[in-house]
Amino acid sequence: MEDRVPDHNAVDFTLEERDGETIVFVRGDLDATGAPALRSQLVETMESASRRVVLDLAHVDFLDSLGLSMLVAAHRRADELGIDFVLAAPSPASLRVLEITRLTELFTIVD
């Protein structure tokens with residue numbers, strides 16, 4: 001099952017359910033424009049997720065402090081709900097920001 005979420009805020013998502021996990025594929029910028037839209041999607045996704053939410057960042061072109069804050073809040077919410085929150089295949093630009101801010105120590109990151 002795949003749902004396409006329209007591009008309203010310079011970021012685009014595609015959701016896919018696979019073997020008990022929800023994968024959110026993100027394309028675009030996670031900044032002041034795109035981060036709030038993704039936050040709303042993640043809140044909704046986490047409320048219905050069974051055990052794991054994977055956020056695929058392979059096509060994220062830009063990640064700023066608001067995007068980072070949103071990721072940390074999503075991680076915290078997943079903990080509250082008792083589900084896993086994983087970042088997958090971060091783009092080089094995203095990975096660099098996560099490394100500089102040492103958030104690679106907080107998140108589970110997979111290729």
# chains A, B, ... in the order shown; residues from 1 in each chain; ligands from 1

$ residues_around --residues "segment 89-91 of chain A" --least-positions-apart "5" --cutoff "7 Å" --atoms "only C-alpha atoms" --output "list of chain:residue names"
A:Asp56, A:Leu57, A:Ala58, A:His59, A:Val60, A:Val110, A:Asp111

$ write_last_selection --atoms "C-alpha atoms" --output "PDB file, in the first residue's frame"
ATOM      1  CA  ASP A  56      14.076   7.740   4.641  1.00  0.00           C
ATOM      2  CA  LEU A  57      16.210  10.870   4.217  1.00  0.00           C
ATOM      3  CA  ALA A  58      18.028   9.850   1.028  1.00  0.00           C
ATOM      4  CA  HIS A  59      16.479  12.711  -0.949  1.00  0.00           C
ATOM      5  CA  VAL A  60      16.582  15.467   1.652  1.00  0.00           C
ATOM      6  CA  VAL A 110      20.613   2.623   8.868  1.00  0.00           C
ATOM      7  CA  ASP A 111      21.804   2.562   5.254  1.00  0.00           C
TER       8      ASP A 111
END

$ residues_around --residues "segment 48-52 of chain A" --least-positions-apart "4" --cutoff "8 Å" --atoms "only C-alpha atoms" --output "list of chain:residue names"
A:Gly20, A:Glu21, A:Thr22, A:Glu44, A:Gly82, A:Ile83, A:Asp84, A:Phe85, A:Val86

$ write_last_selection --atoms "C-alpha atoms" --output "PDB file, in the first residue's frame"
ATOM      1  CA  GLY A  20       4.805  -4.120  10.221  1.00  0.00           C
ATOM      2  CA  GLU A  21       6.724  -0.938   9.655  1.00  0.00           C
ATOM      3  CA  THR A  22       5.797   2.358   8.064  1.00  0.00           C
ATOM      4  CA  GLU A  44      -0.367  11.031  12.254  1.00  0.00           C
ATOM      5  CA  GLY A  82       6.773   2.597  22.495  1.00  0.00           C
ATOM      6  CA  ILE A  83       7.669   2.371  18.823  1.00  0.00           C
ATOM      7  CA  ASP A  84      11.018   2.464  17.054  1.00  0.00           C
ATOM      8  CA  PHE A  85      11.939   5.582  15.073  1.00  0.00           C
ATOM      9  CA  VAL A  86      14.755   5.041  12.594  1.00  0.00           C
TER      10      VAL A  86
END

$ closest_residue --among "A:Ala88, A:Ile23, A:Leu95, A:Leu63" --to "Met46 of chain A" --atoms "only C-alpha atoms"
A:Ile23

$ residues_around --residues "Leu68 of chain A" --least-positions-apart "2" --cutoff "9 Å" --atoms "only C-alpha atoms" --output "VMD selection string"
chain A and resid 30 to 31 35 63 to 66 70 to 73 97 to 98 103

$ select_by_dssp --residues "segment 3-93 of chain A" --states "alpha helix (DSSP H)" --output "ChimeraX atom specification"
/A:34-48,65-81,92-93

$ closest_residue --among "A:Ser69, A:Thr108, A:Thr101, A:Ser94" --to "Ala32 of chain A" --atoms "only C-alpha atoms"
A:Ser69

$ atom_distance --atom1 "atom CA of Gly28 of chain A" --atom2 "atom CA of Glu47 of chain A"
23.9 Å

$ select_by_dssp --residues "chain A" --states "strand (DSSP E)" --output "PyMOL selection string"
chain A and resi 2-5+11-18+21-30+52-63+84-88+108-110

$ write_last_selection --atoms "C-alpha atoms" --output "PDB file, in the first residue's frame"
ATOM      1  CA  GLU A   2       1.393   3.359  -0.986  1.00  0.00           C
ATOM      2  CA  ASP A   3      -0.083   6.790  -0.299  1.00  0.00           C
ATOM      3  CA  ARG A   4       1.116   9.943  -1.970  1.00  0.00           C
ATOM      4  CA  VAL A   5       0.958  13.141   0.059  1.00  0.00           C
ATOM      5  CA  VAL A  11       8.757  18.850   0.860  1.00  0.00           C
ATOM      6  CA  ASP A  12       7.118  15.716  -0.501  1.00  0.00           C
ATOM      7  CA  PHE A  13       6.377  12.413   1.267  1.00  0.00           C
ATOM      8  CA  THR A  14       5.496   8.942   0.157  1.00  0.00           C
ATOM      9  CA  LEU A  15       4.277   6.419   2.727  1.00  0.00           C
ATOM     10  CA  GLU A  16       4.705   2.693   2.409  1.00  0.00           C
ATOM     11  CA  GLU A  17       3.665  -0.107   4.779  1.00  0.00           C
ATOM     12  CA  ARG A  18       6.044  -3.044   4.743  1.00  0.00           C
ATOM     13  CA  GLU A  21       6.724  -0.938   9.655  1.00  0.00           C
ATOM     14  CA  THR A  22       5.797   2.358   8.064  1.00  0.00           C
ATOM     15  CA  ILE A  23       8.396   3.907   5.800  1.00  0.00           C
ATOM     16  CA  VAL A  24       8.157   7.630   5.138  1.00  0.00           C
ATOM     17  CA  PHE A  25      10.166   8.619   2.072  1.00  0.00           C
ATOM     18  CA  VAL A  26      11.015  12.335   2.169  1.00  0.00           C
ATOM     19  CA  ARG A  27      12.088  14.513  -0.744  1.00  0.00           C
ATOM     20  CA  GLY A  28      13.007  18.187  -0.434  1.00  0.00           C
ATOM     21  CA  ASP A  29      14.083  20.539   2.336  1.00  0.00           C
ATOM     22  CA  LEU A  30      13.497  20.078   6.055  1.00  0.00           C
ATOM     23  CA  ARG A  52       8.378   0.958  13.730  1.00  0.00           C
ATOM     24  CA  VAL A  53       8.551   4.152  11.684  1.00  0.00           C
ATOM     25  CA  VAL A  54      11.431   4.533   9.254  1.00  0.00           C
ATOM     26  CA  LEU A  55      12.169   8.001   7.917  1.00  0.00           C
ATOM     27  CA  ASP A  56      14.076   7.740   4.641  1.00  0.00           C
ATOM     28  CA  LEU A  57      16.210  10.870   4.217  1.00  0.00           C
ATOM     29  CA  ALA A  58      18.028   9.850   1.028  1.00  0.00           C
ATOM     30  CA  HIS A  59      16.479  12.711  -0.949  1.00  0.00           C
ATOM     31  CA  VAL A  60      16.582  15.467   1.652  1.00  0.00           C
ATOM     32  CA  ASP A  61      18.523  18.329   0.124  1.00  0.00           C
ATOM     33  CA  PHE A  62      18.711  20.598   3.160  1.00  0.00           C
ATOM     34  CA  LEU A  63      18.287  20.152   6.907  1.00  0.00           C
ATOM     35  CA  ASP A  84      11.018   2.464  17.054  1.00  0.00           C
ATOM     36  CA  PHE A  85      11.939   5.582  15.073  1.00  0.00           C
ATOM     37  CA  VAL A  86      14.755   5.041  12.594  1.00  0.00           C
ATOM     38  CA  LEU A  87      16.469   7.342  10.114  1.00  0.00           C
ATOM     39  CA  ALA A  88      17.391   5.592   6.878  1.00  0.00           C
ATOM     40  CA  THR A 108      19.330   4.789  15.017  1.00  0.00           C
ATOM     41  CA  ILE A 109      20.608   5.363  11.489  1.00  0.00           C
ATOM     42  CA  VAL A 110      20.613   2.623   8.868  1.00  0.00           C
TER      43      VAL A 110
END
